[in-house]
Amino acid sequence: MSKPEYHPYAAVADACRKRFGEPPRVVIILGSGVGVLQHSLENDDAAPYSEIGLPTTSVVGHDGKLLVGELAGTRVAMLSGRLHSYEGRSMEENVRAVRAMAAWGVEILVMTSAVGSLHIELQPGDLVRVTDHINLMGINPLVGPNIDALGPRFPDMAAAYDPALGAQADTVASELEMRMVRGVYAAVRGPSFETPAEVRMLAKMGASVVGMSVVPETIAAVHAGMRVLTIAIVSNDGTGLSDEPPNHDEVTATVGQATDRLCPIISRLVGQW
Ligand code: HPA
């Protein structure tokens, strides 16, 4: 009989079990500029990615560590530092952390992400609760032999962004009197920003915002049976929608301001789980 395959994510899950014990119910991936949420953690412990078998990221503003602690009284994990496909790493490395969380037993994946707006009504600083996506990255993390231990060959993506979690998030945002709209996330590989023609095309396709992350993680998480909630922060107008072309510093600065609204939403929500 052949030995069962031992995938890298399984080694990370084992390392998490050893280091942190029982899995928390929730993991939050902190996108560009949202790293401050980790300061709201209490009784936390952290492991650098390199110690638990996770690849490190090269993007400024994304350090690499897994934190486990309490947020609003609920035990959560936070992945501070995400890998992007444009860094040139394999898809396996890109979604290893998400798969490890699922294998450890974490049920809910919360993601934040900076995005460009595709419509003039969506302004920098706006929060967008992602209801669906269009994958234009030209890649999919499930390509290759299916990992049957995680999920099926052809996973259903009809409700990839969990409608019940999304409705809860909408309720919390309105309780806190924070504007949060719903929208479709177009994922591109980057790292160049879009051309004006690409922005017009993405809007015509039915997308509301464009970004360079979220989608590989969502696909891997849904495949592995996790529930996903994603809240994006509009960091800039899509190219051509305003006179100023987008740049990474603007992205980080605008997101920094919007986190003052996003963090309370996430904390209150997680406190209910
Ligand atoms: N395009 C793609 N990804 C992004 C953008 C953008 O305008 N802003 C933040 N991430």
# chains A, B, ... in the order shown; residues from 1 in each chain; ligands from 1
$ closest_atom_pairs --of "range 91-204 of chain A" --to "range 11-23 of chain A" --cutoff "9 Å" --atoms "only C-alpha atoms" --output "Markdown table"
| residue | atom | partner | partner_atom | distance |
| --- | --- | --- | --- | --- |
| A:Arg96 | CA | A:Val12 | CA | 8.1 |
| A:Ala97 | CA | A:Val12 | CA | 7.6 |
| A:Arg99 | CA | A:Ala13 | CA | 8.3 |
| A:Ala100 | CA | A:Ala13 | CA | 4.7 |
| A:Met101 | CA | A:Ala13 | CA | 6.5 |
| A:Ala102 | CA | A:Ala13 | CA | 8.3 |
| A:Ala103 | CA | A:Ala13 | CA | 6.0 |
| A:Trp104 | CA | A:Ala13 | CA | 5.0 |
| A:Gly105 | CA | A:Pro23 | CA | 5.6 |
| A:Val106 | CA | A:Pro23 | CA | 5.8 |
$ residues_around --residues "range 127-131 of chain A" --least-positions-apart "6" --cutoff "8 Å" --atoms "only C-alpha atoms" --output "list in words"
Tyr161, Pro163, Gly166, Asp170, Arg179, Met180, Val181, Arg182, Gly183, Val184, Tyr185, Leu229, Thr230, Ile231, Ala232, Ile233, Val234, Ala258 and Leu262 of chain A
$ residues_near_ligand --ligand "ligand 1" --cutoff "9 Å" --atoms "only C-alpha atoms and all ligand atoms" --output "MDAnalysis selection string"
chainID A and resid 32 113:118 186:194 199 209:213 233:239 245:248 250:252
$ write_last_selection --atoms "N, CA, C and O atoms" --output "CSV table (one decimal), in the first residue's frame"
chain,number,residue,atom,x,y,z
A,32,SER,N,-3.2,44.6,3.6
A,32,SER,CA,-2.4,45.9,3.6
A,32,SER,C,-3.0,46.9,4.6
A,32,SER,O,-4.2,47.3,4.5
A,113,SER,N,-8.9,43.4,2.7
A,113,SER,CA,-8.1,43.6,1.5
A,113,SER,C,-8.2,45.1,1.0
A,113,SER,O,-9.3,45.6,1.1
A,114,ALA,N,-7.2,45.6,0.5
A,114,ALA,CA,-7.3,46.9,-0.1
A,114,ALA,C,-7.7,46.7,-1.6
A,114,ALA,O,-7.2,45.7,-2.2
A,115,VAL,N,-8.5,47.5,-2.1
A,115,VAL,CA,-9.0,47.4,-3.5
A,115,VAL,C,-9.1,48.7,-4.1
A,115,VAL,O,-9.2,49.8,-3.5
A,116,GLY,N,-9.1,48.7,-5.5
A,116,GLY,CA,-9.4,49.9,-6.2
A,116,GLY,C,-10.9,49.9,-6.6
A,116,GLY,O,-11.5,48.8,-6.8
A,117,SER,N,-11.5,51.1,-6.7
A,117,SER,CA,-12.9,51.2,-7.0
A,117,SER,C,-13.0,51.1,-8.5
A,117,SER,O,-12.2,51.6,-9.3
A,118,LEU,N,-14.1,50.6,-9.0
A,118,LEU,CA,-14.4,50.5,-10.5
A,118,LEU,C,-15.5,51.4,-10.8
A,118,LEU,O,-15.9,51.5,-12.0
A,186,ALA,N,-13.2,41.7,-8.4
A,186,ALA,CA,-12.4,41.2,-9.5
A,186,ALA,C,-11.0,41.0,-9.1
A,186,ALA,O,-10.3,41.9,-8.6
A,187,ALA,N,-10.5,39.8,-9.3
A,187,ALA,CA,-9.1,39.5,-8.9
A,187,ALA,C,-8.2,39.5,-10.1
A,187,ALA,O,-8.4,38.8,-11.0
A,188,VAL,N,-7.2,40.3,-10.0
A,188,VAL,CA,-6.1,40.3,-11.1
A,188,VAL,C,-4.8,39.9,-10.4
A,188,VAL,O,-4.7,40.0,-9.2
A,189,ARG,N,-3.9,39.5,-11.3
A,189,ARG,CA,-2.6,39.0,-10.7
A,189,ARG,C,-1.7,40.2,-10.3
A,189,ARG,O,-0.9,40.0,-9.3
A,190,GLY,N,-1.8,41.3,-11.0
A,190,GLY,CA,-0.8,42.4,-10.7
A,190,GLY,C,0.6,42.0,-11.1
A,190,GLY,O,0.7,41.0,-11.9
A,191,PRO,N,1.6,42.6,-10.6
A,191,PRO,CA,1.6,43.7,-9.7
A,191,PRO,C,1.4,45.1,-10.3
A,191,PRO,O,1.2,46.1,-9.6
A,192,SER,N,1.3,45.2,-11.6
A,192,SER,CA,1.0,46.5,-12.2
A,192,SER,C,-0.4,46.8,-12.0
A,192,SER,O,-1.3,45.9,-11.9
A,193,PHE,N,-0.7,48.1,-11.7
A,193,PHE,CA,-2.1,48.5,-11.6
A,193,PHE,C,-2.8,48.4,-13.0
A,193,PHE,O,-2.1,48.2,-14.0
A,194,GLU,N,-4.1,48.5,-13.0
A,194,GLU,CA,-4.8,48.3,-14.3
A,194,GLU,C,-4.6,49.5,-15.2
A,194,GLU,O,-4.3,50.6,-14.8
A,199,VAL,N,-9.9,48.9,-16.4
A,199,VAL,CA,-10.9,49.3,-15.4
A,199,VAL,C,-12.3,49.4,-16.0
A,199,VAL,O,-13.3,48.9,-15.4
A,209,VAL,N,-15.1,46.3,-7.5
A,209,VAL,CA,-13.8,46.6,-7.0
A,209,VAL,C,-12.8,45.6,-7.6
A,209,VAL,O,-13.1,44.5,-8.0
A,210,VAL,N,-11.5,46.1,-7.6
A,210,VAL,CA,-10.4,45.2,-8.1
A,210,VAL,C,-9.3,45.1,-7.1
A,210,VAL,O,-8.9,46.1,-6.5
A,211,GLY,N,-8.8,43.9,-7.0
A,211,GLY,CA,-7.7,43.7,-6.1
A,211,GLY,C,-6.8,42.5,-6.5
A,211,GLY,O,-7.1,41.9,-7.5
A,212,MET,N,-5.7,42.4,-5.8
A,212,MET,CA,-4.7,41.4,-6.2
A,212,MET,C,-4.5,40.2,-5.2
A,212,MET,O,-3.5,39.5,-5.2
A,213,SER,N,-5.6,40.0,-4.3
A,213,SER,CA,-5.5,38.9,-3.4
A,213,SER,C,-6.9,38.3,-3.2
A,213,SER,O,-7.6,38.2,-4.2
A,233,ILE,N,-11.4,47.3,1.6
A,233,ILE,CA,-11.3,48.8,1.8
A,233,ILE,C,-10.9,49.4,0.5
A,233,ILE,O,-9.9,49.0,-0.1
A,234,VAL,N,-11.8,50.4,0.0
A,234,VAL,CA,-11.4,51.1,-1.2
A,234,VAL,C,-10.2,52.0,-0.9
A,234,VAL,O,-10.4,52.9,-0.1
A,235,SER,N,-9.1,51.7,-1.4
A,235,SER,CA,-7.9,52.6,-1.1
A,235,SER,C,-7.7,53.6,-2.2
A,235,SER,O,-7.0,54.6,-2.0
A,236,ASN,N,-8.3,53.4,-3.4
A,236,ASN,CA,-8.0,54.4,-4.5
A,236,ASN,C,-9.1,54.2,-5.5
A,236,ASN,O,-9.7,53.1,-5.6
A,237,ASP,N,-9.2,55.2,-6.4
A,237,ASP,CA,-10.1,55.0,-7.6
A,237,ASP,C,-9.3,54.2,-8.6
A,237,ASP,O,-8.1,54.3,-8.7
A,238,GLY,N,-10.0,53.3,-9.3
A,238,GLY,CA,-9.4,52.6,-10.4
A,238,GLY,C,-8.8,53.5,-11.4
A,238,GLY,O,-9.3,54.7,-11.5
A,239,THR,N,-7.8,53.1,-12.0
A,239,THR,CA,-7.1,53.9,-13.0
A,239,THR,C,-8.0,54.5,-14.0
A,239,THR,O,-8.9,53.8,-14.6
A,245,PRO,N,-3.2,58.7,-10.7
A,245,PRO,CA,-3.1,57.3,-10.8
A,245,PRO,C,-2.8,56.7,-9.4
A,245,PRO,O,-2.3,57.3,-8.5
A,246,PRO,N,-3.3,55.4,-9.2
A,246,PRO,CA,-3.0,54.8,-7.9
A,246,PRO,C,-1.6,54.5,-7.6
A,246,PRO,O,-0.8,54.3,-8.6
A,247,ASN,N,-1.2,54.6,-6.4
A,247,ASN,CA,0.2,54.2,-6.0
A,247,ASN,C,0.1,53.5,-4.6
A,247,ASN,O,-0.8,53.7,-3.9
A,248,HIS,N,1.1,52.7,-4.3
A,248,HIS,CA,1.1,51.8,-3.2
A,248,HIS,C,1.1,52.6,-1.9
A,248,HIS,O,0.4,52.2,-0.9
A,250,GLU,N,-0.4,55.5,-1.4
A,250,GLU,CA,-1.7,56.0,-1.2
A,250,GLU,C,-2.6,54.9,-0.7
A,250,GLU,O,-3.4,55.1,0.2
A,251,VAL,N,-2.4,53.7,-1.3
A,251,VAL,CA,-3.2,52.5,-0.8
A,251,VAL,C,-3.0,52.3,0.7
A,251,VAL,O,-4.0,52.3,1.4
A,252,THR,N,-1.8,52.3,1.1
A,252,THR,CA,-1.5,52.1,2.6
A,252,THR,C,-2.1,53.2,3.4
A,252,THR,O,-2.7,52.9,4.5
$ residues_around --residues "range 40-54 of chain A" --least-positions-apart "5" --cutoff "6 Å" --atoms "only C-alpha atoms" --output "list in words"
Val12, Ala15, Gly64, Lys65, Leu66, Leu67, Val68, Gly69, Glu70 and Leu71 of chain A
$ select_by_dssp --residues "range 190-230 of chain A" --states "strand (DSSP E or B)" --output "NGL selection string"
:A and (209-211 or 227-230)
$ residues_around --residues "Gln168 in chain A" --least-positions-apart "6" --cutoff "12 Å" --atoms "only C-alpha atoms" --output "number ranges by chain"
A: 129, 162, 174-175, 229, 265-266, 268-273
$ write_last_selection --atoms "C-alpha atoms" --output "tab-separated table (two decimals), in the first residue's frame"
chain	number	residue	atom	x	y	z
A	129	ARG	CA	-18.49	43.61	1.89
A	162	ASP	CA	-21.00	33.01	3.30
A	174	SER	CA	-25.42	49.43	10.58
A	175	GLU	CA	-25.56	49.12	14.40
A	229	LEU	CA	-16.23	36.67	5.09
A	265	ILE	CA	-16.93	46.05	12.92
A	266	ILE	CA	-14.68	43.00	12.93
A	268	ARG	CA	-17.95	43.25	17.44
A	269	LEU	CA	-18.72	40.58	14.88
A	270	VAL	CA	-16.08	38.18	16.15
A	271	GLY	CA	-17.30	38.81	19.71
A	272	GLN	CA	-20.65	37.30	18.65
A	273	TRP	CA	-19.06	34.04	17.49
$ residues_around --residues "Thr57 in chain A" --least-positions-apart "5" --cutoff "7 Å" --atoms "only C-alpha atoms" --output "list in words"
His62, Gly64, Gly81, Arg82 and Leu83 of chain A
$ residues_around --residues "Ser90 in chain A" --least-positions-apart "2" --cutoff "12 Å" --atoms "only C-alpha atoms" --output "list in words"
Pro55, Leu83, His84, Ser85, Tyr86, Glu87, Gly88, Glu92, Glu93, Asn94, Val95, Arg96, Ile139, Asn140, Pro141, Leu142, Val143, Gly144 and Pro216 of chain A
$ write_last_selection --atoms "N, CA, C and O atoms" --output "PDB file, in the first residue's frame"
ATOM      1  N   PRO A  55       5.627  30.249   4.344  1.00  0.00           N
ATOM      2  CA  PRO A  55       6.533  31.107   3.588  1.00  0.00           C
ATOM      3  C   PRO A  55       6.388  32.563   4.017  1.00  0.00           C
ATOM      4  O   PRO A  55       5.285  32.992   4.404  1.00  0.00           O
ATOM      5  N   LEU A  83       0.717  36.445   1.504  1.00  0.00           N
ATOM      6  CA  LEU A  83       1.485  36.259   0.281  1.00  0.00           C
ATOM      7  C   LEU A  83       0.605  36.639  -0.900  1.00  0.00           C
ATOM      8  O   LEU A  83      -0.597  36.376  -0.876  1.00  0.00           O
ATOM      9  N   HIS A  84       1.187  37.241  -1.903  1.00  0.00           N
ATOM     10  CA  HIS A  84       0.422  37.581  -3.096  1.00  0.00           C
ATOM     11  C   HIS A  84       0.979  36.791  -4.269  1.00  0.00           C
ATOM     12  O   HIS A  84       2.183  36.533  -4.338  1.00  0.00           O
ATOM     13  N   SER A  85       0.103  36.469  -5.190  1.00  0.00           N
ATOM     14  CA  SER A  85       0.523  35.703  -6.362  1.00  0.00           C
ATOM     15  C   SER A  85       1.614  36.445  -7.142  1.00  0.00           C
ATOM     16  O   SER A  85       2.528  35.842  -7.699  1.00  0.00           O
ATOM     17  N   TYR A  86       1.538  37.803  -7.133  1.00  0.00           N
ATOM     18  CA  TYR A  86       2.517  38.565  -7.933  1.00  0.00           C
ATOM     19  C   TYR A  86       3.926  38.471  -7.383  1.00  0.00           C
ATOM     20  O   TYR A  86       4.887  38.862  -8.041  1.00  0.00           O
ATOM     21  N   GLU A  87       4.077  37.947  -6.156  1.00  0.00           N
ATOM     22  CA  GLU A  87       5.430  37.781  -5.617  1.00  0.00           C
ATOM     23  C   GLU A  87       6.153  36.629  -6.317  1.00  0.00           C
ATOM     24  O   GLU A  87       7.349  36.445  -6.122  1.00  0.00           O
ATOM     25  N   GLY A  88       5.380  35.854  -7.068  1.00  0.00           N
ATOM     26  CA  GLY A  88       6.002  34.805  -7.861  1.00  0.00           C
ATOM     27  C   GLY A  88       6.068  33.461  -7.171  1.00  0.00           C
ATOM     28  O   GLY A  88       6.640  32.509  -7.698  1.00  0.00           O
ATOM     29  N   GLU A  92       0.523  26.852  -4.216  1.00  0.00           N
ATOM     30  CA  GLU A  92       0.574  26.012  -3.002  1.00  0.00           C
ATOM     31  C   GLU A  92       1.033  26.848  -1.813  1.00  0.00           C
ATOM     32  O   GLU A  92       0.440  26.803  -0.730  1.00  0.00           O
ATOM     33  N   GLU A  93       2.095  27.653  -2.037  1.00  0.00           N
ATOM     34  CA  GLU A  93       2.597  28.496  -0.947  1.00  0.00           C
ATOM     35  C   GLU A  93       1.598  29.595  -0.600  1.00  0.00           C
ATOM     36  O   GLU A  93       1.424  29.953   0.553  1.00  0.00           O
ATOM     37  N   ASN A  94       0.945  30.088  -1.644  1.00  0.00           N
ATOM     38  CA  ASN A  94      -0.045  31.154  -1.461  1.00  0.00           C
ATOM     39  C   ASN A  94      -1.170  30.775  -0.528  1.00  0.00           C
ATOM     40  O   ASN A  94      -1.658  31.597   0.240  1.00  0.00           O
ATOM     41  N   VAL A  95      -1.625  29.545  -0.613  1.00  0.00           N
ATOM     42  CA  VAL A  95      -2.799  29.144   0.177  1.00  0.00           C
ATOM     43  C   VAL A  95      -2.437  28.165   1.295  1.00  0.00           C
ATOM     44  O   VAL A  95      -3.333  27.636   1.954  1.00  0.00           O
ATOM     45  N   ARG A  96      -1.142  27.972   1.522  1.00  0.00           N
ATOM     46  CA  ARG A  96      -0.738  26.991   2.544  1.00  0.00           C
ATOM     47  C   ARG A  96      -1.309  27.348   3.921  1.00  0.00           C
ATOM     48  O   ARG A  96      -1.789  26.476   4.649  1.00  0.00           O
ATOM     49  N   ILE A 139      -5.085  31.808 -12.772  1.00  0.00           N
ATOM     50  CA  ILE A 139      -4.592  30.673 -11.984  1.00  0.00           C
ATOM     51  C   ILE A 139      -5.640  30.319 -10.954  1.00  0.00           C
ATOM     52  O   ILE A 139      -6.523  31.126 -10.645  1.00  0.00           O
ATOM     53  N   ASN A 140      -5.528  29.096 -10.443  1.00  0.00           N
ATOM     54  CA  ASN A 140      -6.479  28.623  -9.433  1.00  0.00           C
ATOM     55  C   ASN A 140      -5.690  27.705  -8.498  1.00  0.00           C
ATOM     56  O   ASN A 140      -4.935  26.841  -8.966  1.00  0.00           O
ATOM     57  N   PRO A 141      -5.832  27.889  -7.197  1.00  0.00           N
ATOM     58  CA  PRO A 141      -5.012  27.101  -6.265  1.00  0.00           C
ATOM     59  C   PRO A 141      -5.344  25.603  -6.268  1.00  0.00           C
ATOM     60  O   PRO A 141      -4.580  24.812  -5.721  1.00  0.00           O
ATOM     61  N   LEU A 142      -6.468  25.236  -6.894  1.00  0.00           N
ATOM     62  CA  LEU A 142      -6.857  23.820  -6.881  1.00  0.00           C
ATOM     63  C   LEU A 142      -6.332  23.055  -8.089  1.00  0.00           C
ATOM     64  O   LEU A 142      -6.556  21.839  -8.195  1.00  0.00           O
ATOM     65  N   VAL A 143      -5.617  23.749  -8.980  1.00  0.00           N
ATOM     66  CA  VAL A 143      -5.028  23.058 -10.136  1.00  0.00           C
ATOM     67  C   VAL A 143      -3.993  22.053  -9.627  1.00  0.00           C
ATOM     68  O   VAL A 143      -3.220  22.346  -8.718  1.00  0.00           O
ATOM     69  N   GLY A 144      -4.015  20.869 -10.223  1.00  0.00           N
ATOM     70  CA  GLY A 144      -3.109  19.800  -9.767  1.00  0.00           C
ATOM     71  C   GLY A 144      -3.944  18.694  -9.145  1.00  0.00           C
ATOM     72  O   GLY A 144      -5.177  18.798  -9.092  1.00  0.00           O
ATOM     73  N   PRO A 216      -7.558  33.534  -4.381  1.00  0.00           N
ATOM     74  CA  PRO A 216      -6.959  32.209  -4.158  1.00  0.00           C
ATOM     75  C   PRO A 216      -7.293  31.665  -2.758  1.00  0.00           C
ATOM     76  O   PRO A 216      -7.630  30.484  -2.603  1.00  0.00           O
TER      77      PRO A 216
END
$ closest_residue --among "A:Val110, A:Ile28, A:Val36, A:Met178" --to "Met78 in chain A" --atoms "only C-alpha atoms"
A:Ile28
$ select_by_dssp --residues "range 102-236 of chain A" --states "alpha helix (DSSP H)" --output "MDAnalysis selection string"
chainID A and resid 102:104 163:175 196:205 215:223
$ write_last_selection --atoms "N, CA and C atoms" --output "CSV table (one decimal), in the first residue's frame"
chain,number,residue,atom,x,y,z
A,102,ALA,N,-7.6,25.3,8.1
A,102,ALA,CA,-8.7,24.4,7.9
A,102,ALA,C,-8.4,23.1,8.5
A,103,ALA,N,-7.2,22.6,8.3
A,103,ALA,CA,-6.8,21.3,8.8
A,103,ALA,C,-6.6,21.3,10.3
A,104,TRP,N,-6.3,22.4,10.8
A,104,TRP,CA,-6.1,22.6,12.3
A,104,TRP,C,-7.5,22.5,12.9
A,163,PRO,N,-23.3,33.8,3.0
A,163,PRO,CA,-24.4,34.8,3.0
A,163,PRO,C,-24.8,35.1,4.5
A,164,ALA,N,-24.8,34.1,5.3
A,164,ALA,CA,-25.2,34.3,6.7
A,164,ALA,C,-24.2,35.2,7.5
A,165,LEU,N,-22.9,34.9,7.3
A,165,LEU,CA,-21.9,35.7,7.9
A,165,LEU,C,-21.9,37.2,7.4
A,166,GLY,N,-22.2,37.3,6.1
A,166,GLY,CA,-22.3,38.6,5.4
A,166,GLY,C,-23.4,39.4,6.0
A,167,ALA,N,-24.6,38.7,6.2
A,167,ALA,CA,-25.7,39.4,6.7
A,167,ALA,C,-25.4,39.9,8.2
A,168,GLN,N,-24.7,39.1,8.9
A,168,GLN,CA,-24.3,39.5,10.3
A,168,GLN,C,-23.4,40.7,10.3
A,169,ALA,N,-22.5,40.7,9.3
A,169,ALA,CA,-21.6,41.8,9.2
A,169,ALA,C,-22.3,43.1,8.8
A,170,ASP,N,-23.3,43.0,7.9
A,170,ASP,CA,-24.1,44.1,7.5
A,170,ASP,C,-24.8,44.7,8.7
A,171,THR,N,-25.4,43.8,9.6
A,171,THR,CA,-26.1,44.2,10.7
A,171,THR,C,-25.2,45.0,11.7
A,172,VAL,N,-24.0,44.4,11.9
A,172,VAL,CA,-23.1,45.1,12.9
A,172,VAL,C,-22.7,46.4,12.3
A,173,ALA,N,-22.4,46.5,11.0
A,173,ALA,CA,-22.0,47.8,10.5
A,173,ALA,C,-23.1,48.8,10.6
A,174,SER,N,-24.4,48.4,10.4
A,174,SER,CA,-25.4,49.4,10.6
A,174,SER,C,-25.6,49.8,12.1
A,175,GLU,N,-25.5,48.8,13.0
A,175,GLU,CA,-25.6,49.1,14.4
A,175,GLU,C,-24.5,50.2,14.8
A,196,PRO,N,-6.6,52.2,-17.9
A,196,PRO,CA,-8.0,52.7,-17.9
A,196,PRO,C,-8.9,51.8,-18.6
A,197,ALA,N,-8.5,51.2,-19.7
A,197,ALA,CA,-9.3,50.3,-20.5
A,197,ALA,C,-9.7,49.0,-19.7
A,198,GLU,N,-8.7,48.5,-18.9
A,198,GLU,CA,-9.0,47.4,-18.0
A,198,GLU,C,-10.0,47.7,-17.0
A,199,VAL,N,-9.9,48.9,-16.4
A,199,VAL,CA,-10.9,49.3,-15.4
A,199,VAL,C,-12.3,49.4,-16.0
A,200,ARG,N,-12.4,49.9,-17.2
A,200,ARG,CA,-13.7,50.0,-17.9
A,200,ARG,C,-14.2,48.6,-18.1
A,201,MET,N,-13.4,47.7,-18.6
A,201,MET,CA,-13.8,46.3,-18.8
A,201,MET,C,-14.3,45.6,-17.6
A,202,LEU,N,-13.5,45.8,-16.5
A,202,LEU,CA,-13.9,45.1,-15.2
A,202,LEU,C,-15.3,45.6,-14.7
A,203,ALA,N,-15.5,46.9,-14.9
A,203,ALA,CA,-16.8,47.5,-14.4
A,203,ALA,C,-17.9,46.9,-15.3
A,204,LYS,N,-17.7,46.8,-16.6
A,204,LYS,CA,-18.7,46.3,-17.5
A,204,LYS,C,-19.0,44.8,-17.2
A,205,MET,N,-18.0,44.1,-16.7
A,205,MET,CA,-18.2,42.7,-16.4
A,205,MET,C,-19.0,42.5,-15.2
A,215,VAL,N,-8.9,36.1,-3.7
A,215,VAL,CA,-9.6,35.0,-4.4
A,215,VAL,C,-8.9,33.6,-4.3
A,216,PRO,N,-7.6,33.5,-4.4
A,216,PRO,CA,-7.0,32.2,-4.2
A,216,PRO,C,-7.3,31.7,-2.8
A,217,GLU,N,-7.2,32.5,-1.8
A,217,GLU,CA,-7.5,32.1,-0.4
A,217,GLU,C,-9.0,31.7,-0.2
A,218,THR,N,-9.9,32.4,-0.9
A,218,THR,CA,-11.3,32.1,-0.8
A,218,THR,C,-11.5,30.7,-1.4
A,219,ILE,N,-11.0,30.5,-2.6
A,219,ILE,CA,-11.2,29.2,-3.3
A,219,ILE,C,-10.6,28.0,-2.4
A,220,ALA,N,-9.4,28.2,-1.9
A,220,ALA,CA,-8.8,27.2,-1.1
A,220,ALA,C,-9.7,26.9,0.2
A,221,ALA,N,-10.2,28.0,0.8
A,221,ALA,CA,-10.9,27.9,2.0
A,221,ALA,C,-12.3,27.2,1.8
A,222,VAL,N,-13.0,27.6,0.7
A,222,VAL,CA,-14.3,27.0,0.4
A,222,VAL,C,-14.0,25.5,0.1
A,223,HIS,N,-13.0,25.2,-0.7
A,223,HIS,CA,-12.7,23.8,-1.0
A,223,HIS,C,-12.5,23.0,0.3
$ closest_residue --among "A:Ser208, A:Arg227, A:Val26, A:Gln123" --to "Ala159 in chain A" --atoms "only C-alpha atoms"
A:Arg227
$ closest_residue --among "A:Leu122, A:Cys263, A:Val98, A:Ala77" --to "Leu150 in chain A" --atoms "only C-alpha atoms"
A:Val98
$ closest_residue --among "A:Gly225, A:Gly240, A:Pro145, A:Gly125" --to "Glu107 in chain A" --atoms "only C-alpha atoms"
A:Gly225
